[in-house]
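What follows is work16.cif (mmCIF, C-alpha atoms and all ligand atoms).
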data_start
loop_
_atom_site.label_atom_id
_atom_site.label_comp_id
_atom_site.auth_asym_id
_atom_site.auth_seq_id
_atom_site.Cartn_x
_atom_site.Cartn_y
_atom_site.Cartn_z
CA MET F 286 98.51 -17.24 38.84
CA HIS F 287 96.87 -17.64 35.43
CA THR F 288 96.31 -21.35 35.75
CA GLY F 289 94.33 -21.21 32.48
CA ASN F 290 97.44 -20.27 30.53
CA ARG F 291 99.45 -22.98 32.23
CA GLN F 292 96.93 -25.56 31.15
CA LEU F 293 96.95 -24.27 27.57
CA PHE F 294 100.75 -24.36 27.59
CA LEU F 295 100.68 -27.98 28.77
CA GLN F 296 97.97 -28.96 26.30
CA ASN F 297 98.99 -27.12 23.15
CA LEU F 298 102.73 -26.78 23.21
CA ALA F 299 105.13 -29.66 22.64
CA GLN F 300 106.65 -30.54 25.98
CA THR F 301 110.34 -31.22 26.52
CA SER F 302 110.15 -32.78 29.98
CA ASP F 303 107.56 -33.78 32.54
CA GLU F 304 108.51 -30.96 34.87
CA PRO F 305 108.70 -27.62 33.07
CA LEU F 306 109.32 -24.60 35.30
CA LEU F 307 105.88 -23.20 34.33
CA LEU F 308 106.65 -19.61 35.24
CA GLU F 309 104.62 -17.25 33.08
CA VAL F 310 106.39 -14.03 32.17
CA VAL F 311 104.55 -11.04 30.78
CA GLU F 312 107.44 -8.61 30.62
CA ALA F 313 111.21 -8.56 30.95
CA ALA F 314 113.53 -5.59 31.33
CA GLY F 315 117.15 -5.37 32.42
CA CYS F 316 117.81 -8.19 34.88
CA TRP F 317 114.17 -8.66 35.89
CA LEU F 318 111.20 -10.75 34.74
CA THR F 319 107.59 -9.95 35.72
CA ASP F 320 104.76 -12.48 36.03
CA PRO F 321 101.03 -11.80 35.41
CA GLU F 322 100.50 -10.82 39.07
CA GLY F 323 103.26 -8.26 38.92
CA LYS F 324 105.69 -10.37 40.95
CA ARG F 325 109.29 -9.77 39.89
CA TYR F 326 112.09 -12.29 39.51
CA LEU F 327 115.80 -11.56 39.26
CA ASP F 328 117.13 -13.40 36.22
CA LEU F 329 120.22 -15.36 37.21
CA ILE F 330 120.55 -17.31 33.96
CA SER F 331 119.86 -14.87 31.09
CA GLY F 332 117.70 -17.37 29.18
CA ILE F 333 120.75 -19.69 29.17
CA SER F 334 123.46 -17.13 28.45
CA VAL F 335 121.43 -15.14 25.94
CA SER F 336 120.38 -11.85 27.58
CA SER F 337 123.91 -10.85 28.51
CA LEU F 338 123.08 -7.16 28.11
CA GLY F 339 119.85 -7.57 30.07
CA HIS F 340 116.40 -7.84 28.57
CA ARG F 341 115.29 -5.28 25.99
CA ARG F 342 118.39 -3.15 26.05
CA PRO F 343 117.06 0.16 24.60
CA GLU F 344 119.60 0.45 21.75
CA ILE F 345 118.72 -3.07 20.61
CA VAL F 346 115.00 -2.31 20.76
CA GLU F 347 115.60 0.85 18.73
CA ALA F 348 117.72 -0.95 16.12
CA VAL F 349 115.04 -3.61 15.63
CA LYS F 350 112.33 -0.94 15.33
CA ALA F 351 114.38 1.04 12.81
CA GLN F 352 115.08 -2.06 10.71
CA SER F 353 111.42 -3.10 10.83
CA ASP F 354 110.62 0.15 9.03
CA ARG F 355 112.92 -0.98 6.15
CA TYR F 356 112.52 -4.74 5.63
CA PHE F 357 112.32 -8.05 7.51
CA HIS F 358 113.19 -10.85 5.11
CA LEU F 359 114.16 -10.50 1.47
CA MET F 360 115.77 -13.68 0.23
CA VAL F 361 117.62 -16.82 1.34
CA TYR F 362 121.03 -16.19 2.88
CA GLY F 363 123.85 -15.38 0.49
CA GLU F 364 122.16 -13.78 -2.53
CA LEU F 365 121.21 -10.19 -1.79
CA VAL F 366 123.33 -7.38 -0.40
CA GLN F 367 121.80 -6.51 2.97
CA SER F 368 123.43 -3.78 5.02
CA PRO F 369 122.45 -5.22 8.46
CA GLN F 370 124.51 -8.34 7.62
CA ILE F 371 127.47 -6.29 6.44
CA GLU F 372 127.39 -4.01 9.47
CA LEU F 373 127.23 -6.98 11.82
CA ALA F 374 130.18 -8.62 10.05
CA GLN F 375 132.18 -5.42 10.37
CA ALA F 376 131.32 -5.03 14.05
CA LEU F 377 132.44 -8.61 14.68
CA GLN F 378 135.61 -8.13 12.65
CA LYS F 379 136.63 -5.32 14.99
CA VAL F 380 136.59 -7.67 17.98
CA LEU F 381 138.11 -10.72 16.29
CA PRO F 382 141.61 -11.57 15.04
CA PRO F 383 142.09 -10.56 11.38
CA GLU F 384 142.24 -14.17 10.17
CA LEU F 385 138.66 -14.81 11.32
CA ASN F 386 137.21 -12.67 8.58
CA SER F 387 134.35 -14.54 6.94
CA PHE F 388 130.98 -14.78 8.67
CA TYR F 389 128.21 -17.23 7.90
CA PHE F 390 125.09 -16.09 9.78
CA VAL F 391 122.62 -18.80 10.73
CA ASN F 392 119.62 -19.20 13.04
CA SER F 393 120.93 -21.00 16.10
CA GLY F 394 123.92 -22.46 17.87
CA SER F 395 123.08 -25.94 16.61
CA GLU F 396 123.03 -24.71 13.03
CA ALA F 397 126.40 -23.02 13.56
CA ALA F 398 127.79 -26.38 14.73
CA GLU F 399 126.23 -28.15 11.74
CA GLY F 400 127.66 -25.59 9.33
CA ALA F 401 131.11 -25.86 10.88
CA MET F 402 131.09 -29.66 10.67
CA LYS F 403 130.10 -29.53 7.01
CA LEU F 404 132.73 -26.89 6.30
CA ALA F 405 135.41 -29.01 8.00
CA LYS F 406 134.47 -32.07 5.94
CA ARG F 407 134.33 -30.13 2.71
CA PHE F 408 137.59 -28.24 3.27
CA THR F 409 139.73 -31.12 4.55
CA GLY F 410 138.17 -33.92 2.49
CA ARG F 411 138.19 -35.90 5.74
CA THR F 412 135.29 -37.33 7.73
CA GLY F 413 136.29 -37.90 11.36
CA PHE F 414 135.66 -35.65 14.36
CA VAL F 415 136.84 -35.48 17.92
CA ALA F 416 134.71 -33.87 20.62
CA GLN F 417 135.01 -33.70 24.37
CA THR F 418 133.13 -36.03 26.69
CA ASP F 419 130.02 -34.36 28.09
CA ALA F 420 130.13 -31.69 25.44
CA TYR F 421 126.98 -29.99 24.25
CA HIS F 422 127.04 -28.44 20.79
CA GLY F 423 123.36 -28.65 19.88
CA SER F 424 120.41 -30.94 19.40
CA THR F 425 120.33 -31.52 15.65
CA GLN F 426 121.72 -34.84 14.45
CA GLY F 427 125.18 -33.62 13.41
CA ALA F 428 125.69 -31.63 16.60
CA LEU F 429 124.18 -34.48 18.61
CA SER F 430 126.82 -36.80 17.15
CA LEU F 431 129.35 -34.75 19.12
CA MET F 432 127.60 -35.73 22.35
CA SER F 433 129.12 -38.56 24.37
CA ASN F 434 126.26 -38.73 26.85
CA GLU F 435 124.30 -41.85 25.92
CA TYR F 436 121.24 -41.00 28.00
CA TYR F 437 120.55 -38.05 25.71
CA SER F 438 121.77 -39.52 22.43
CA ASN F 439 121.02 -43.27 22.36
CA ALA F 440 117.41 -42.95 21.24
CA PHE F 441 118.50 -41.05 18.14
CA LYS F 442 121.22 -43.36 16.87
CA PRO F 443 122.58 -43.99 14.32
CA LEU F 444 124.25 -40.60 14.32
CA LEU F 445 127.47 -39.68 12.49
CA PRO F 446 129.72 -42.73 12.72
CA GLU F 447 133.20 -41.25 12.97
CA VAL F 448 133.24 -39.32 16.22
CA LEU F 449 135.74 -40.00 18.98
CA PHE F 450 135.76 -38.43 22.43
CA ILE F 451 138.51 -37.02 24.58
CA ARG F 452 138.25 -35.92 28.19
CA GLN F 453 138.88 -32.24 28.85
CA ASN F 454 142.45 -31.67 30.07
CA ASP F 455 143.59 -35.23 29.22
CA ILE F 456 146.71 -34.11 27.41
CA SER F 457 148.17 -37.61 27.24
CA ALA F 458 145.21 -38.77 25.13
CA ILE F 459 145.90 -36.22 22.40
CA SER F 460 148.84 -38.11 20.91
CA ASN F 461 146.62 -41.19 20.42
CA LEU F 462 144.06 -39.35 18.31
CA PRO F 463 143.87 -40.20 14.59
CA ARG F 464 145.96 -37.88 12.44
CA ASN F 465 143.39 -37.64 9.65
CA LEU F 466 140.56 -35.83 11.40
CA ALA F 467 138.36 -33.23 9.77
CA ALA F 468 138.06 -31.29 13.01
CA VAL F 469 138.42 -31.22 16.77
CA VAL F 470 135.48 -29.44 18.40
CA ILE F 471 135.91 -27.99 21.89
CA GLU F 472 134.40 -25.57 24.36
CA LEU F 473 137.08 -23.92 26.50
CA ILE F 474 134.70 -23.85 29.44
CA GLN F 475 132.33 -26.79 29.18
CA ALA F 476 129.19 -25.00 30.28
CA GLU F 477 126.66 -27.85 30.47
CA ARG F 478 129.13 -30.06 32.33
CA GLY F 479 128.92 -27.47 35.12
CA CYS F 480 131.34 -24.80 33.82
CA MET F 481 134.51 -26.89 33.71
CA SER F 482 137.53 -24.97 32.42
CA ALA F 483 140.23 -26.21 30.09
CA THR F 484 143.78 -25.70 31.30
CA GLN F 485 146.06 -23.46 29.26
CA GLU F 486 148.24 -26.50 28.52
CA PHE F 487 145.36 -28.60 27.20
CA ALA F 488 144.05 -25.82 24.98
CA LYS F 489 147.49 -25.18 23.54
CA ALA F 490 148.17 -28.90 23.04
CA ILE F 491 144.89 -29.28 21.12
CA ARG F 492 145.74 -26.23 18.99
CA ASP F 493 149.21 -27.69 18.25
CA PHE F 494 147.77 -31.10 17.40
CA CYS F 495 145.33 -29.53 14.93
CA THR F 496 148.03 -27.39 13.33
CA GLN F 497 150.36 -30.37 12.97
CA THR F 498 147.79 -32.80 11.57
CA GLY F 499 145.68 -30.43 9.46
CA ALA F 500 142.54 -31.00 11.50
CA LEU F 501 140.51 -27.82 11.90
CA LEU F 502 140.10 -26.52 15.42
CA VAL F 503 136.48 -25.57 16.04
CA ILE F 504 135.92 -23.57 19.23
CA ASP F 505 132.33 -23.36 20.40
CA GLU F 506 131.87 -19.96 22.07
CA ILE F 507 128.10 -20.09 21.85
CA GLN F 508 127.91 -19.87 25.62
CA THR F 509 131.33 -18.46 26.56
CA GLY F 510 131.39 -15.69 23.94
CA MET F 511 130.14 -12.11 24.02
CA GLY F 512 131.89 -11.13 27.23
CA ARG F 513 130.49 -13.81 29.49
CA THR F 514 133.84 -14.98 30.83
CA GLY F 515 135.26 -11.46 31.12
CA SER F 516 136.89 -11.13 27.70
CA MET F 517 134.93 -10.77 24.48
CA PHE F 518 135.75 -14.42 23.69
CA ALA F 519 137.24 -17.06 25.98
CA PHE F 520 139.90 -18.06 23.43
CA GLU F 521 141.60 -14.69 24.01
CA GLN F 522 142.45 -15.86 27.54
CA TYR F 523 144.13 -18.98 26.18
CA GLY F 524 146.34 -17.36 23.56
CA ILE F 525 144.98 -19.58 20.79
CA ILE F 526 142.87 -18.86 17.71
CA PRO F 527 140.34 -21.34 16.30
CA ASP F 528 140.08 -22.21 12.62
CA ILE F 529 136.30 -22.04 12.97
CA LEU F 530 134.55 -20.10 15.72
CA LEU F 531 130.96 -20.89 16.71
CA LEU F 532 128.75 -18.11 18.03
CA GLY F 533 125.13 -17.96 19.12
CA LYS F 534 123.01 -17.15 22.18
CA ALA F 535 124.06 -13.62 23.31
CA LEU F 536 125.20 -12.75 19.79
CA GLY F 537 121.64 -11.83 18.80
CA GLY F 538 120.99 -9.55 21.78
CA GLY F 539 117.88 -11.62 22.49
CA LEU F 540 116.92 -12.43 18.90
CA PRO F 541 117.71 -15.83 17.31
CA MET F 542 121.14 -15.66 15.77
CA GLY F 543 124.08 -17.97 15.26
CA ALA F 544 127.25 -17.75 13.25
CA PHE F 545 130.23 -19.78 12.19
CA VAL F 546 133.29 -17.75 11.45
CA ALA F 547 136.43 -18.74 9.58
CA ASN F 548 139.10 -17.46 7.27
CA ARG F 549 137.75 -16.39 3.90
CA GLU F 550 139.76 -18.94 1.96
CA LEU F 551 138.48 -21.77 4.16
CA MET F 552 134.89 -20.52 4.06
CA MET F 553 134.96 -20.22 0.27
CA SER F 554 135.02 -24.00 -0.01
CA LEU F 555 131.32 -24.07 0.95
CA SER F 556 130.51 -22.19 -2.25
CA GLN F 557 132.15 -24.68 -4.61
CA GLN F 558 131.68 -28.37 -5.43
CA PRO F 559 128.91 -28.31 -4.59
CA VAL F 560 127.71 -24.75 -4.79
CA LEU F 561 125.33 -23.90 -1.94
CA GLY F 562 127.21 -26.14 0.48
CA HIS F 563 125.08 -24.78 3.30
CA ILE F 564 121.67 -23.29 2.66
CA THR F 565 119.50 -21.34 5.07
CA THR F 566 116.34 -19.36 4.38
CA PHE F 567 116.35 -17.18 7.47
CA GLY F 568 120.07 -17.10 8.29
CA GLY F 569 121.24 -13.49 8.56
CA ASN F 570 117.69 -12.22 9.00
CA ALA F 571 117.77 -8.43 8.87
CA LEU F 572 116.07 -7.84 12.23
CA CYS F 573 118.34 -10.34 13.97
CA CYS F 574 121.45 -8.81 12.39
CA ALA F 575 120.39 -5.30 13.41
CA ALA F 576 119.98 -6.53 17.00
CA ALA F 577 123.25 -8.47 16.90
CA GLU F 578 125.23 -5.52 15.58
CA GLN F 579 124.14 -3.49 18.60
CA ALA F 580 124.82 -6.41 20.94
CA VAL F 581 128.38 -6.75 19.63
CA LYS F 582 129.11 -3.01 19.75
CA ILE F 583 127.62 -2.47 23.21
CA THR F 584 129.35 -5.53 24.68
CA ALA F 585 132.70 -4.42 23.27
CA SER F 586 132.38 -0.88 24.54
CA GLU F 587 130.91 -1.66 27.97
CA LEU F 588 132.70 -4.86 28.90
CA GLU F 589 135.12 -3.08 31.20
CA GLN F 590 132.27 -1.25 32.93
CA PHE F 591 130.49 -4.56 33.56
CA ARG F 592 133.40 -5.56 35.85
CA VAL F 593 132.79 -9.22 35.17
CA ALA F 594 135.85 -10.41 37.15
CA ALA F 595 134.85 -8.38 40.24
CA LYS F 596 131.28 -9.72 40.04
CA GLU F 597 132.64 -13.27 39.78
CA GLN F 598 134.63 -12.67 42.97
CA LEU F 599 131.57 -11.28 44.75
CA PHE F 600 129.48 -14.33 43.78
CA ARG F 601 132.29 -16.64 44.89
CA ARG F 602 132.64 -14.89 48.25
CA LEU F 603 128.93 -14.68 49.05
CA LEU F 604 128.14 -18.21 47.89
CA THR F 605 131.09 -19.61 49.84
CA GLU F 606 129.86 -17.76 52.95
CA ALA F 607 126.45 -19.34 52.32
CA GLY F 608 128.06 -22.79 52.38
CA LEU F 609 128.54 -23.47 48.67
CA ASN F 610 132.30 -23.60 48.48
CA HIS F 611 132.68 -25.61 45.27
CA ILE F 612 132.23 -23.12 42.48
CA THR F 613 133.52 -23.69 38.96
CA GLY F 614 133.65 -21.55 35.85
CA LYS F 615 134.89 -18.14 34.89
CA GLY F 616 133.45 -14.64 34.90
CA LEU F 617 129.66 -14.79 34.93
CA LEU F 618 129.51 -18.37 33.70
CA LEU F 619 129.56 -20.12 37.06
CA ALA F 620 128.29 -23.34 38.58
CA ALA F 621 127.67 -23.52 42.33
CA HIS F 622 127.79 -27.20 43.22
CA THR F 623 125.17 -28.32 45.76
CA PRO F 624 125.18 -31.66 47.65
CA SER F 625 122.83 -33.45 45.20
CA ALA F 626 120.48 -33.07 42.24
CA GLU F 627 117.57 -33.38 44.66
CA ALA F 628 118.93 -30.57 46.84
CA CYS F 629 119.59 -28.41 43.80
CA LYS F 630 116.05 -28.86 42.55
CA LYS F 631 114.68 -27.82 45.96
CA ILE F 632 116.88 -24.72 46.01
CA ILE F 633 115.77 -23.77 42.49
CA ARG F 634 112.09 -24.07 43.53
CA TYR F 635 112.71 -22.10 46.71
CA CYS F 636 114.51 -19.37 44.75
CA LEU F 637 111.67 -19.11 42.25
CA ASN F 638 109.21 -18.67 45.09
CA GLU F 639 111.37 -15.92 46.54
CA GLY F 640 111.77 -14.05 43.24
CA LEU F 641 115.04 -15.47 41.92
CA PHE F 642 115.16 -17.34 38.64
CA THR F 643 117.91 -19.93 38.34
CA ASP F 644 118.37 -23.43 36.93
CA TRP F 645 120.67 -26.47 36.75
CA PHE F 646 122.96 -27.81 34.00
CA LEU F 647 122.20 -30.47 31.41
CA TYR F 648 124.94 -32.86 32.59
CA ASN F 649 125.19 -31.54 36.10
CA PRO F 650 121.80 -31.39 37.80
CA ALA F 651 123.46 -30.91 41.20
CA ALA F 652 124.90 -27.52 40.23
CA LEU F 653 123.12 -24.15 40.29
CA ARG F 654 123.49 -22.07 37.16
CA ILE F 655 124.89 -18.59 37.80
CA ALA F 656 124.89 -16.76 34.47
CA PRO F 657 123.07 -13.45 34.96
CA PRO F 658 123.09 -10.52 32.57
CA LEU F 659 126.56 -8.96 32.71
CA CYS F 660 124.96 -5.68 33.83
CA ILE F 661 123.73 -7.22 37.10
CA SER F 662 124.49 -4.86 40.00
CA GLU F 663 126.33 -5.68 43.20
CA GLU F 664 123.10 -5.19 45.18
CA GLU F 665 121.34 -7.66 42.89
CA ILE F 666 124.15 -10.17 43.38
CA ALA F 667 123.79 -9.78 47.16
CA PHE F 668 120.00 -10.26 46.84
CA ALA F 669 120.51 -13.45 44.79
CA CYS F 670 123.09 -14.93 47.14
CA LYS F 671 120.95 -14.17 50.19
CA ILE F 672 118.05 -16.13 48.73
CA ILE F 673 120.33 -19.02 47.73
CA ALA F 674 121.73 -19.03 51.29
CA GLN F 675 118.19 -19.26 52.70
CA GLY F 676 117.39 -22.00 50.18
CA LEU F 677 120.36 -24.00 51.39
CA LYS F 678 118.93 -24.02 54.89
CA ILE F 679 115.75 -25.80 53.82
CA ILE F 680 117.34 -28.74 51.98
N1 LIG Y 1 126.82 -25.00 21.95
C1 LIG Y 1 126.74 -24.69 23.25
C2 LIG Y 1 128.01 -24.59 24.04
C3 LIG Y 1 125.52 -24.49 23.86
O1 LIG Y 1 125.46 -24.19 25.17
C4 LIG Y 1 124.35 -24.59 23.07
C5 LIG Y 1 122.96 -24.37 23.68
N2 LIG Y 1 122.81 -24.61 25.01
C6 LIG Y 1 124.46 -24.90 21.72
C7 LIG Y 1 125.72 -25.09 21.19
C8 LIG Y 1 123.24 -25.02 20.83
O2 LIG Y 1 122.65 -23.81 20.63
P1 LIG Y 1 121.10 -23.71 20.18
O3 LIG Y 1 120.28 -24.18 21.33
O4 LIG Y 1 120.92 -22.25 19.86
O5 LIG Y 1 120.93 -24.56 18.98
#

Please render this file's structure as structure tokens.
Ligand code: PMP
Amino acid sequence: MHTGNRQLFLQNLAQTSDEPLLLEVVEAAGCWLTDPEGKRYLDLISGISVSSLGHRRPEIVEAVKAQSDRYFHLMVYGELVQSPQIELAQALQKVLPPELNSFYFVNSGSEAAEGAMKLAKRFTGRTGFVAQTDAYHGSTQGALSLMSNEYYSNAFKPLLPEVLFIRQNDISAISNLPRNLAAVVIELIQAERGCMSATQEFAKAIRDFCTQTGALLVIDEIQTGMGRTGSMFAFEQYGIIPDILLLGKALGGGLPMGAFVANRELMMSLSQQPVLGHITTFGGNALCCAAAEQAVKITASELEQFRVAAKEQLFRRLLTEAGLNHITGKGLLLAAHTPSAEACKKIIRYCLNEGLFTDWFLYNPAALRIAPPLCISEEEIAFACKIIAQGLKII
């Protein structure tokens, strides 16, 4: 191990917790990470649902190289005509319903959430929001206002004042919500809660409530999008369409990229009274758009080949055989629930030692995160589950 680098990391880089994983990676390709000693680790979490096509997918590498021969950054978002942005918008349009036809490209998932909240306020002239309990939509102060979890949010209050919370699948609570909301923000599978799925009835009831009251329905597909749950976007499986769609993570094919997507008429309100309703210097960066265009096209054309549903079943079968029979989520966004946070932490450490990289969830430290690149093979799934099974024996 390069202990020197670890020390420099601890000394020079801002720390986010007192127990970082501290794995040093010198190279990543496909589903595998390599450390300085040449030891390889199977990536079971895709950098938190980012590397859905595996690391350094050749077409994405080529697209970034080709764009770097033309230009990197030219101007703040929204002024100059840049073909990588247009081509990405067109690629996304092909996989989205026709009404979601205006794309605001930003730098991260949090910024997509911020942009959507501002758009909802501006368009509706209203100020209130509803989010789900234990939702995670980002760490900036607007997105953080949508977080019910006081452990993570209390230190940063006051946040936005008019946010109410509803429990996922609590249909009876919907009729008690205020009828003058700017937006209701939901994730159809609450990833950081441990991959908890909305029922069809709840999703439809929320959609109906928004349509009836004029609140905008914002669906956060930052983690569920780009094929992770088996369809290009999770909302397709629910038969509903959001007014604003949030994208991020896997959208950029490994480069930083977020987007909020809406109907053109709705989106236009951000350009008037005031003009420049959302400003970003780097949003829609040419290199990121070139990578994202490939990520969208490849995901759309190879999703069937990835056999996400079959891989989900294989994980479920092997993990159940190993003794983890409470598994939640959909497709390759799964949580395997262990007896306790302590046990989960031990399993994660054991896995790392054995060459398997996994993690827990923000609000569910007792659950193992199973979100590998969609191109993971059946042999790799068997390898991962075997190590997890061994890890379970030592807790
Ligand atoms: N929404 C969801 C559902 C997320 O999982 C995340 C990140 N974990 C975000 C928003 C925020 O994205 P970012 O970290 O890129 O700001």

Practice prompt. Would you mind listing what lies within 12 Å of Gln426 (chain F) as JSON, numbers by chain, with only C-alpha atoms counted and same-chain residues fewer than 2 positions away left out?
Written response: {"F": [395, 396, 398, 399, 402, 422, 423, 424, 428, 429, 430, 431, 432, 437, 438, 439, 440, 441, 442, 443, 444, 445, 446]}

If you take only C-alpha atoms and a cut-off of 12 Å, which residues of region 432-520 of chain F touch region 563-584 of chain F, and what are their nearest atom pairs and distances in Å to one decimal, in chain and number order, as a Markdown table?
| residue | atom | partner | partner_atom | distance |
| --- | --- | --- | --- | --- |
| F:Gly510 | CA | F:Val581 | CA | 10.4 |
| F:Met511 | CA | F:Thr584 | CA | 6.7 |
| F:Gly512 | CA | F:Thr584 | CA | 6.7 |
| F:Arg513 | CA | F:Thr584 | CA | 9.6 |
| F:Gly515 | CA | F:Thr584 | CA | 10.6 |
| F:Ser516 | CA | F:Thr584 | CA | 9.9 |
| F:Met517 | CA | F:Thr584 | CA | 7.7 |
| F:Phe518 | CA | F:Thr584 | CA | 11.0 |

Worksheet item: So which residues are near ligand LIG 1 (chain Y), meaning at most 9 Å away with only C-alpha atoms and all ligand atoms counted, given back as number ranges by chain?
Response: F: 333-334, 392-398, 420-425, 428, 471-472, 474-477, 505-509, 531-534, 541-543, 647

Would you write out those residues with C-alpha atoms, as a PDB file, in the coordinates of the input?
ATOM      1  CA  ILE F 333     120.750 -19.690  29.170  1.00  0.00           C
ATOM      2  CA  SER F 334     123.460 -17.130  28.450  1.00  0.00           C
ATOM      3  CA  ASN F 392     119.620 -19.200  13.040  1.00  0.00           C
ATOM      4  CA  SER F 393     120.930 -21.000  16.100  1.00  0.00           C
ATOM      5  CA  GLY F 394     123.920 -22.460  17.870  1.00  0.00           C
ATOM      6  CA  SER F 395     123.080 -25.940  16.610  1.00  0.00           C
ATOM      7  CA  GLU F 396     123.030 -24.710  13.030  1.00  0.00           C
ATOM      8  CA  ALA F 397     126.400 -23.020  13.560  1.00  0.00           C
ATOM      9  CA  ALA F 398     127.790 -26.380  14.730  1.00  0.00           C
ATOM     10  CA  ALA F 420     130.130 -31.690  25.440  1.00  0.00           C
ATOM     11  CA  TYR F 421     126.980 -29.990  24.250  1.00  0.00           C
ATOM     12  CA  HIS F 422     127.040 -28.440  20.790  1.00  0.00           C
ATOM     13  CA  GLY F 423     123.360 -28.650  19.880  1.00  0.00           C
ATOM     14  CA  SER F 424     120.410 -30.940  19.400  1.00  0.00           C
ATOM     15  CA  THR F 425     120.330 -31.520  15.650  1.00  0.00           C
ATOM     16  CA  ALA F 428     125.690 -31.630  16.600  1.00  0.00           C
ATOM     17  CA  ILE F 471     135.910 -27.990  21.890  1.00  0.00           C
ATOM     18  CA  GLU F 472     134.400 -25.570  24.360  1.00  0.00           C
ATOM     19  CA  ILE F 474     134.700 -23.850  29.440  1.00  0.00           C
ATOM     20  CA  GLN F 475     132.330 -26.790  29.180  1.00  0.00           C
ATOM     21  CA  ALA F 476     129.190 -25.000  30.280  1.00  0.00           C
ATOM     22  CA  GLU F 477     126.660 -27.850  30.470  1.00  0.00           C
ATOM     23  CA  ASP F 505     132.330 -23.360  20.400  1.00  0.00           C
ATOM     24  CA  GLU F 506     131.870 -19.960  22.070  1.00  0.00           C
ATOM     25  CA  ILE F 507     128.100 -20.090  21.850  1.00  0.00           C
ATOM     26  CA  GLN F 508     127.910 -19.870  25.620  1.00  0.00           C
ATOM     27  CA  THR F 509     131.330 -18.460  26.560  1.00  0.00           C
ATOM     28  CA  LEU F 531     130.960 -20.890  16.710  1.00  0.00           C
ATOM     29  CA  LEU F 532     128.750 -18.110  18.030  1.00  0.00           C
ATOM     30  CA  GLY F 533     125.130 -17.960  19.120  1.00  0.00           C
ATOM     31  CA  LYS F 534     123.010 -17.150  22.180  1.00  0.00           C
ATOM     32  CA  PRO F 541     117.710 -15.830  17.310  1.00  0.00           C
ATOM     33  CA  MET F 542     121.140 -15.660  15.770  1.00  0.00           C
ATOM     34  CA  GLY F 543     124.080 -17.970  15.260  1.00  0.00           C
ATOM     35  CA  LEU F 647     122.200 -30.470  31.410  1.00  0.00           C
TER      36      LEU F 647
END

Worksheet item: Distance CA of Ala374 (chain F)-CA of Ile529 (chain F), one decimal place?
Response: 15.0 Å

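Restricting the calculation to all atoms listed in the file, the smallest distance between Ser457 (chain F) and any of F:Cys629, F:Cys660, F:Ile491, F:Cys316 is found for F:Ile491.
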
Step by step, gather every atom of region 491-503 of chain F that the file lists, find the box along x, y and z that holds them, add 6 Å on each side, and finally give centre and edge lengths in Å to one decimal, as JSON.
{"center_x": 143.4, "center_y": -29.2, "center_z": 15.3, "size_x": 25.9, "size_y": 19.2, "size_z": 23.7}

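Protein and nucleic acid residues near (134.4, -32.9, 23.3) are Val415, Ala416, Gln417, Thr418, Asp419, Ala420, Leu431, Met432, Ser433, Phe450, Ile451, Arg452, Gln453, Val469, Val470, Ile471 and Glu472 of chain F, the criterion being any atom at most 8 Å away using all atoms listed in the file.
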
Worksheet item: In terms of the shortest atom-to-atom distance over only C-alpha atoms, which of F:Gly537, F:Pro559, F:Pro657, F:Gly608 is closest to Lys596 (chain F)?
Response: F:Pro657
